[in-house]
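Single-structure report; data block below.
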Amino acid sequence: MSDLGHVLVLAGGLSYEREVSLKSGRRVSEVLRAGGIDVETRDTDASLIPSVLADPPDAAFVTLHGGSGEDGAIRSVLELLNVPYVGAGPEACRIAFDKPSAKAIIKATGLSTPDSVTLPKETFHDLGATAMLERIIDRLGLPLFVKPARGGSALGASLVRTAEELPAAMVGCFAYGDTALIERYVSGVEIAISVVDHGDGPKALPPVEIVPDAGVYDYAARYTAGHTEFFAPARLSPAATAACAEMAVTAHTALRLRDLSRTDLIVDSDGHPHFLEVNVAPGMTETSLFPMSVEASGQDLGTLCRTLLESAASRPRCST
């Protein structure tokens with residue numbers, strides 16, 4: 001049994017990833033209750049603040065994906081309410097959630113990340129989409145990968161193999177965000193590395209290899225059972241596994257993350273990893289990568305979540 005009184009699991013929100021967040025919150029709540037924790041699961045609506053003030057939780061577990069769940073906004077609210085929580089602080093979240101900013105920091109550490117261009121929708125409108133797209137291909141070549149600069153779950157993301165596919169990819173991207181990140185596509189093995197820190201430094205869990213049936217790890221491949229094959233641990237050489245772990249821990253540290261994170265990367269044919277993005281609130285659904293990595297490490301997800309909550313609850317709080 002835990003010394004925790006009751007904990008708050010935040011799930012839902014109003015981002016495009018709401019349904020995934022609800023599933024993550026349900027999973028975390030279930031594994032915590034199975035371990036004897038008194039869990040309250042709440043959405044982020046107008047009732048949240050009065051509820052927390054009336055009955056403050058010992059700690060909160062944020063399973064909100066996208067939008068305010070990962071950009072630091074809700075974490076700022078929790079700090080205003082003096083509620084400790086699992087995960088990175090607001091400032092670190094703001095930087096990590098913005099993929100171009102995260103890539104710039106990772107590149108500064110000397111790690112590899114695909115060359116890219118970041119452009120807002122207004123630039124295409126003001127300067128002419130056709131001319132801009134031609135310059136992008138001239139600069140980065142083909143194939144390309146297009147995705148919103150902020151967001152997750154592969155919403156608005158697409159692989160572009162030919163110049164004719166790029167306009168539609170940009171339209172799809174801008175449906176989910178006002179700024180596009182266009183990357184040079186790196187062919188290889190898609191890997192997710194989860195990192196956890198119990199207070200003695202960040203440590204990488206076993207890598208998960210992702211093999212989508214359709215060749216692209218899109219929204220359907222992520223959240224539809226049977227559409228993707230996973231290998232945990234990944235089928236990598238010891239050297240490649242070590243390089244992936246080092247990259248994930250470096251990303252976690254350089255971005256000043258806390259408690260847990262998940263780094264997505266590509267391992268090329270030479271065994272070299274390339275950083276794609278980092279997630280400060282990893283998915284916790286039945287098909288999510290973080291729980292797979294936890295299981296591959298021999299740990300129990302409920303025990304890990306409880307330990308992270310206990311660590312958060314023990315942090316100094318602001319005086320009121």
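Ligands are numbered from 1 in the order shown, chains are lettered A, B, ... in the order of the structure tokens, and residues start at 1 in each chain.
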
Who sits within 12 Å of A:His227, only C-alpha atoms, same chain under 6 positions skipped, as a list in words: Ile210, Val211, Pro212, Asp213, Ala214, Gly215, Val216, Tyr217, Asp218, Tyr219, Ala220, Ala221 and Thr287 of chain A

Those selected residues, please, written with C-alpha atoms and delivered as a PDB file, in the first residue's frame.
```pdb
ATOM      1  CA  ILE A 210       7.647   0.052 -34.654  1.00  0.00           C
ATOM      2  CA  VAL A 211       6.667  -1.797 -37.841  1.00  0.00           C
ATOM      3  CA  PRO A 212       3.368  -0.438 -39.251  1.00  0.00           C
ATOM      4  CA  ASP A 213       1.574  -2.658 -41.758  1.00  0.00           C
ATOM      5  CA  ALA A 214       1.052   0.254 -44.157  1.00  0.00           C
ATOM      6  CA  GLY A 215       4.647   1.436 -43.859  1.00  0.00           C
ATOM      7  CA  VAL A 216       3.733   4.715 -42.134  1.00  0.00           C
ATOM      8  CA  TYR A 217       3.081   5.067 -38.398  1.00  0.00           C
ATOM      9  CA  ASP A 218       0.007   7.288 -38.742  1.00  0.00           C
ATOM     10  CA  TYR A 219      -2.939   7.794 -36.373  1.00  0.00           C
ATOM     11  CA  ALA A 220      -4.694   4.575 -37.395  1.00  0.00           C
ATOM     12  CA  ALA A 221      -1.479   2.569 -37.078  1.00  0.00           C
ATOM     13  CA  THR A 287      -1.222   0.202 -27.869  1.00  0.00           C
TER      14      THR A 287
END
```

Could the residues of stretch 110-223 of chain A that have an atom at most 7 Å from stretch 292-306 of chain A be listed as a tab-separated table, each with its closest atom pair and the distance in Å to one decimal, counting only C-alpha atoms and ordered by chain and ascending residue number?
```
residue	atom	partner	partner_atom	distance
A:Ser194	CA	A:Ser293	CA	6.6
A:Leu205	CA	A:Ser293	CA	6.0
A:Pro206	CA	A:Ser293	CA	5.6
A:Pro207	CA	A:Ser293	CA	6.5
A:Val208	CA	A:Ser293	CA	6.3
```

Spatial neighbours of A:Ala129, 12 Å, only C-alpha atoms, chain gap at least 3 places, as a PyMOL selection string: chain A and resi 119-126+132-136+166-168+170-171

Please write the residues from the selection above to a file, keeping N, CA, C and O atoms, as a compact mmCIF listing (two decimals), in the first residue's frame.
```
# COMPACT_ATOMS: atom_id res chain seq x y z
N LEU A 119 7.86 26.62 -41.40
CA LEU A 119 7.19 27.74 -42.04
C LEU A 119 5.73 27.84 -41.59
O LEU A 119 5.02 26.83 -41.57
N PRO A 120 5.28 29.05 -41.25
CA PRO A 120 3.87 29.25 -40.90
C PRO A 120 3.00 29.33 -42.14
O PRO A 120 3.47 29.62 -43.24
N LYS A 121 1.73 29.06 -41.95
CA LYS A 121 0.77 29.11 -43.06
C LYS A 121 0.75 30.47 -43.74
O LYS A 121 0.61 30.56 -44.97
N GLU A 122 0.91 31.54 -42.96
CA GLU A 122 0.87 32.90 -43.53
C GLU A 122 1.97 33.11 -44.56
O GLU A 122 1.79 33.85 -45.53
N THR A 123 3.11 32.46 -44.36
CA THR A 123 4.21 32.62 -45.30
C THR A 123 3.84 32.08 -46.67
O THR A 123 4.13 32.69 -47.70
N PHE A 124 3.18 30.93 -46.68
CA PHE A 124 2.74 30.37 -47.96
C PHE A 124 1.71 31.27 -48.63
O PHE A 124 1.71 31.46 -49.84
N HIS A 125 0.84 31.83 -47.81
CA HIS A 125 -0.20 32.70 -48.35
C HIS A 125 0.40 33.98 -48.91
O HIS A 125 0.05 34.43 -50.02
N ASP A 126 1.33 34.58 -48.18
CA ASP A 126 1.87 35.88 -48.56
C ASP A 126 2.89 35.80 -49.69
O ASP A 126 2.95 36.70 -50.54
N MET A 132 7.20 28.65 -52.85
CA MET A 132 7.74 28.17 -51.59
C MET A 132 7.99 26.66 -51.64
O MET A 132 9.04 26.17 -51.18
N LEU A 133 7.05 25.91 -52.19
CA LEU A 133 7.20 24.47 -52.25
C LEU A 133 8.37 24.07 -53.14
O LEU A 133 9.10 23.11 -52.84
N GLU A 134 8.56 24.79 -54.22
CA GLU A 134 9.70 24.51 -55.09
C GLU A 134 11.02 24.72 -54.37
O GLU A 134 11.96 23.93 -54.51
N ARG A 135 11.09 25.80 -53.59
CA ARG A 135 12.33 26.09 -52.85
C ARG A 135 12.58 25.02 -51.77
O ARG A 135 13.72 24.67 -51.50
N ILE A 136 11.51 24.54 -51.14
CA ILE A 136 11.66 23.51 -50.11
C ILE A 136 12.27 22.25 -50.71
O ILE A 136 13.20 21.66 -50.16
N LEU A 166 3.32 17.04 -52.26
CA LEU A 166 3.61 18.02 -51.23
C LEU A 166 2.48 19.01 -50.95
O LEU A 166 2.20 19.30 -49.78
N PRO A 167 1.80 19.57 -51.97
CA PRO A 167 0.71 20.51 -51.66
C PRO A 167 -0.36 19.92 -50.76
O PRO A 167 -0.80 20.55 -49.80
N ALA A 168 -0.81 18.69 -51.06
CA ALA A 168 -1.84 18.06 -50.23
C ALA A 168 -1.33 17.81 -48.82
O ALA A 168 -2.07 17.94 -47.84
N MET A 170 0.80 19.65 -47.20
CA MET A 170 0.80 20.92 -46.50
C MET A 170 -0.61 21.29 -46.06
O MET A 170 -0.82 21.76 -44.93
N VAL A 171 -1.59 21.06 -46.91
CA VAL A 171 -2.99 21.33 -46.55
C VAL A 171 -3.39 20.49 -45.35
O VAL A 171 -4.02 20.97 -44.39
```

Residue contacts of A:Arg75 (6 Å, only C-alpha atoms) excluding same-chain residues fewer than 3 positions away, as a VMD selection string: chain A and resid 72 78 90

In stretch 35-240 of chain A, DSSP helix (DSSP H, G or I) residues written as number ranges by chain: A: 48-54, 67-70, 73-80, 90-97, 99-108, 121-127, 129-140, 163-174, 219-223, 238-240

Residues near stretch 240-248 of chain A, cut-off 10 Å, only C-alpha atoms, skip fewer than 3 positions along chain, as an MDAnalysis selection string: chainID A and resid 106 109 111:112 191:195 202:207 233:237 251:254 261:268 270:275 277:278

Distance criterion (only C-alpha atoms): nearest to A:Arg258 out of A:Arg317, A:His198, A:Lys99, A:Arg184: A:His198

DSSP says strand (DSSP E) for which residues of stretch 39-217 of chain A? Put them as a compact mmCIF listing (two decimals) with N, CA, C and O atoms, in the first residue's frame?
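As a result, selection-v6.txt now contains:
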```txt
# COMPACT_ATOMS: atom_id res chain seq x y z
N VAL A 39 -7.96 7.08 -6.49
CA VAL A 39 -7.78 7.86 -7.72
C VAL A 39 -9.04 8.63 -8.07
O VAL A 39 -10.15 8.08 -8.06
N GLU A 40 -8.86 9.89 -8.39
CA GLU A 40 -9.93 10.73 -8.94
C GLU A 40 -9.52 11.13 -10.35
O GLU A 40 -8.45 11.69 -10.55
N THR A 41 -10.36 10.79 -11.32
CA THR A 41 -10.07 11.14 -12.71
C THR A 41 -10.95 12.31 -13.13
O THR A 41 -12.17 12.26 -12.96
N ARG A 42 -10.31 13.36 -13.66
CA ARG A 42 -11.07 14.56 -14.01
C ARG A 42 -10.64 15.08 -15.37
O ARG A 42 -9.48 14.94 -15.78
N ALA A 59 -1.01 14.45 -5.22
CA ALA A 59 -0.24 14.62 -6.45
C ALA A 59 -1.15 14.38 -7.64
O ALA A 59 -2.24 13.79 -7.50
N ALA A 60 -0.70 14.83 -8.82
CA ALA A 60 -1.49 14.65 -10.04
C ALA A 60 -0.65 13.96 -11.10
O ALA A 60 0.57 14.13 -11.16
N PHE A 61 -1.33 13.17 -11.91
CA PHE A 61 -0.70 12.50 -13.05
C PHE A 61 -1.38 13.05 -14.30
O PHE A 61 -2.57 12.86 -14.50
N VAL A 62 -0.62 13.76 -15.13
CA VAL A 62 -1.17 14.41 -16.32
C VAL A 62 -1.10 13.46 -17.51
O VAL A 62 -0.01 13.09 -17.96
N TYR A 85 2.93 17.37 -9.40
CA TYR A 85 2.49 16.54 -10.51
C TYR A 85 3.68 15.79 -11.11
O TYR A 85 4.84 16.18 -10.97
N VAL A 86 3.37 14.71 -11.79
CA VAL A 86 4.37 13.92 -12.49
C VAL A 86 4.68 14.59 -13.82
O VAL A 86 3.78 14.95 -14.57
N SER A 116 15.66 20.38 -41.79
CA SER A 116 14.25 20.74 -41.87
C SER A 116 14.06 22.22 -42.14
O SER A 116 15.00 23.02 -42.04
N VAL A 117 12.84 22.56 -42.48
CA VAL A 117 12.40 23.94 -42.66
C VAL A 117 11.10 24.10 -41.88
O VAL A 117 10.22 23.23 -41.94
N THR A 118 10.97 25.19 -41.15
CA THR A 118 9.75 25.48 -40.40
C THR A 118 9.11 26.73 -40.98
O THR A 118 9.75 27.78 -41.05
N LEU A 119 7.86 26.62 -41.40
CA LEU A 119 7.19 27.74 -42.04
C LEU A 119 5.73 27.84 -41.59
O LEU A 119 5.02 26.83 -41.57
N PRO A 120 5.28 29.05 -41.25
CA PRO A 120 3.87 29.25 -40.90
C PRO A 120 3.00 29.33 -42.14
O PRO A 120 3.47 29.62 -43.24
N LEU A 144 10.21 13.67 -48.27
CA LEU A 144 10.10 14.57 -47.13
C LEU A 144 9.07 14.02 -46.15
O LEU A 144 8.24 13.18 -46.51
N PHE A 145 9.12 14.53 -44.94
CA PHE A 145 8.07 14.22 -43.97
C PHE A 145 7.53 15.54 -43.44
O PHE A 145 8.30 16.39 -42.97
N VAL A 146 6.21 15.73 -43.54
CA VAL A 146 5.56 16.98 -43.15
C VAL A 146 4.70 16.72 -41.92
O VAL A 146 3.94 15.74 -41.87
N LYS A 147 4.80 17.61 -40.92
CA LYS A 147 3.99 17.46 -39.73
C LYS A 147 3.82 18.82 -39.05
O LYS A 147 4.63 19.73 -39.25
N PRO A 148 2.75 18.98 -38.27
CA PRO A 148 2.59 20.23 -37.53
C PRO A 148 3.75 20.44 -36.56
O PRO A 148 4.27 19.47 -35.98
N SER A 158 2.43 13.45 -42.73
CA SER A 158 2.40 12.59 -43.91
C SER A 158 3.77 12.51 -44.56
O SER A 158 4.58 13.44 -44.50
N LEU A 159 4.02 11.37 -45.18
CA LEU A 159 5.23 11.14 -45.94
C LEU A 159 5.02 11.62 -47.37
O LEU A 159 3.99 11.30 -47.99
N VAL A 160 5.96 12.37 -47.89
CA VAL A 160 5.87 12.94 -49.24
C VAL A 160 6.97 12.33 -50.10
O VAL A 160 8.16 12.56 -49.87
N THR A 179 1.62 26.15 -38.18
CA THR A 179 3.02 26.11 -38.58
C THR A 179 3.40 24.69 -38.94
O THR A 179 3.08 23.74 -38.22
N ALA A 180 4.11 24.54 -40.06
CA ALA A 180 4.52 23.23 -40.55
C ALA A 180 6.01 23.02 -40.36
O ALA A 180 6.82 23.94 -40.55
N LEU A 181 6.37 21.81 -39.97
CA LEU A 181 7.76 21.38 -39.93
C LEU A 181 7.95 20.40 -41.08
O LEU A 181 7.29 19.35 -41.13
N ILE A 182 8.81 20.77 -42.02
CA ILE A 182 9.08 19.92 -43.18
C ILE A 182 10.49 19.37 -43.03
O ILE A 182 11.46 20.14 -43.03
N GLU A 183 10.60 18.05 -42.87
CA GLU A 183 11.89 17.41 -42.63
C GLU A 183 12.32 16.56 -43.82
O GLU A 183 11.49 15.98 -44.53
N ARG A 184 13.63 16.48 -44.00
CA ARG A 184 14.18 15.49 -44.92
C ARG A 184 13.89 14.11 -44.35
O ARG A 184 14.17 13.84 -43.18
N VAL A 189 14.72 2.22 -39.34
CA VAL A 189 13.87 1.56 -38.36
C VAL A 189 13.35 2.61 -37.38
O VAL A 189 14.13 3.36 -36.79
N GLU A 190 12.03 2.66 -37.22
CA GLU A 190 11.44 3.63 -36.30
C GLU A 190 11.48 3.07 -34.88
O GLU A 190 11.03 1.95 -34.62
N ILE A 191 12.02 3.87 -33.96
CA ILE A 191 12.27 3.43 -32.59
C ILE A 191 11.71 4.46 -31.61
O ILE A 191 11.80 5.67 -31.85
N ALA A 192 11.15 3.97 -30.52
CA ALA A 192 10.73 4.83 -29.41
C ALA A 192 11.52 4.42 -28.18
O ALA A 192 11.59 3.22 -27.84
N ILE A 193 12.11 5.41 -27.51
CA ILE A 193 12.88 5.15 -26.29
C ILE A 193 12.24 5.93 -25.14
O ILE A 193 12.18 7.16 -25.17
N SER A 194 11.76 5.22 -24.15
CA SER A 194 11.19 5.86 -22.97
C SER A 194 12.28 6.06 -21.92
O SER A 194 13.19 5.25 -21.80
N VAL A 195 12.16 7.16 -21.19
CA VAL A 195 13.12 7.50 -20.14
C VAL A 195 12.35 7.74 -18.85
O VAL A 195 11.30 8.39 -18.85
N VAL A 196 12.86 7.20 -17.76
CA VAL A 196 12.27 7.45 -16.44
C VAL A 196 13.37 7.89 -15.48
O VAL A 196 14.53 7.54 -15.64
N LYS A 203 17.13 7.31 -16.86
CA LYS A 203 17.59 6.04 -17.41
C LYS A 203 16.66 5.61 -18.53
O LYS A 203 15.43 5.72 -18.42
N ALA A 204 17.26 5.11 -19.61
CA ALA A 204 16.48 4.66 -20.76
C ALA A 204 15.94 3.26 -20.51
O ALA A 204 16.65 2.38 -20.00
N VAL A 208 11.59 0.30 -28.21
CA VAL A 208 10.48 -0.37 -28.89
C VAL A 208 10.60 -0.11 -30.38
O VAL A 208 10.71 1.05 -30.81
N GLU A 209 10.60 -1.16 -31.15
CA GLU A 209 10.66 -1.05 -32.61
C GLU A 209 9.25 -1.06 -33.17
O GLU A 209 8.40 -1.85 -32.76
N ILE A 210 8.99 -0.17 -34.12
CA ILE A 210 7.65 0.05 -34.65
C ILE A 210 7.62 -0.36 -36.12
O ILE A 210 8.38 0.18 -36.94
N VAL A 211 6.75 -1.31 -36.47
CA VAL A 211 6.67 -1.80 -37.84
C VAL A 211 5.21 -1.73 -38.30
O VAL A 211 4.44 -2.69 -38.16
N PRO A 212 4.77 -0.57 -38.81
CA PRO A 212 3.37 -0.44 -39.25
C PRO A 212 3.11 -1.24 -40.52
O PRO A 212 3.95 -1.29 -41.42
```

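Across A:Gly199, A:Gly110, A:Ile49, A:Ser24, the tightest approach to A:Ser314 is made by A:Gly199 when counting only C-alpha atoms.
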
Who sits within 12 Å of A:Asp3, only C-alpha atoms, same chain under 2 positions skipped, as a list in words: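 Residues meeting the cut-off are Met1, Gly5, His6, Val7, Gly35, Gly36, Ile37, Asp38, Asp58, Ala59, Arg306, Thr307, Leu309, Glu310, Ser311, Ala313 and Ser314 of chain A.
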
May I have the residues from that selection written out with C-alpha atoms, as a PDB file, in the first residue's frame?
```pdb
ATOM      1  CA  MET A   1       0.000   0.000   0.000  1.00  0.00           C
ATOM      2  CA  GLY A   5      -3.894   9.775   0.224  1.00  0.00           C
ATOM      3  CA  HIS A   6      -5.620  10.419  -3.062  1.00  0.00           C
ATOM      4  CA  VAL A   7      -4.282  11.355  -6.460  1.00  0.00           C
ATOM      5  CA  GLY A  35      -2.342  -0.972  -6.477  1.00  0.00           C
ATOM      6  CA  GLY A  36      -4.605   0.399  -3.765  1.00  0.00           C
ATOM      7  CA  ILE A  37      -4.439   4.103  -4.686  1.00  0.00           C
ATOM      8  CA  ASP A  38      -7.465   6.361  -4.233  1.00  0.00           C
ATOM      9  CA  ASP A  58      -1.463  14.641  -2.854  1.00  0.00           C
ATOM     10  CA  ALA A  59      -0.235  14.622  -6.452  1.00  0.00           C
ATOM     11  CA  ARG A 306       2.797   5.068  -8.122  1.00  0.00           C
ATOM     12  CA  THR A 307       6.535   5.629  -7.602  1.00  0.00           C
ATOM     13  CA  LEU A 309       3.513  10.088  -7.973  1.00  0.00           C
ATOM     14  CA  GLU A 310       5.229   9.519  -4.645  1.00  0.00           C
ATOM     15  CA  SER A 311       8.323  11.282  -5.936  1.00  0.00           C
ATOM     16  CA  ALA A 313       4.361  14.422  -3.798  1.00  0.00           C
ATOM     17  CA  SER A 314       7.663  14.603  -1.905  1.00  0.00           C
TER      18      SER A 314
END
```

d(atom CA of A:Asp259, atom CA of A:Ser76) in Å: 16.8 Å

Which polymer residues have any atom within 6 Å of an atom of A:Gly156, counting only C-alpha atoms, with same-chain residues fewer than 6 positions away left out, as a short mmCIF file (atom, residue, chain, number, x, y, z; two decimals) with C-alpha atoms, in the first residue's frame?
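Now in around.cif:
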```cif
data_model
loop_
_atom_site.label_atom_id
_atom_site.label_comp_id
_atom_site.auth_asym_id
_atom_site.auth_seq_id
_atom_site.Cartn_x
_atom_site.Cartn_y
_atom_site.Cartn_z
CA LYS A 147 3.99 17.46 -39.73
CA GLY A 172 -3.37 18.32 -44.27
CA CYS A 173 -0.73 19.65 -41.92
CA TYR A 176 -4.01 20.69 -37.37
#
```
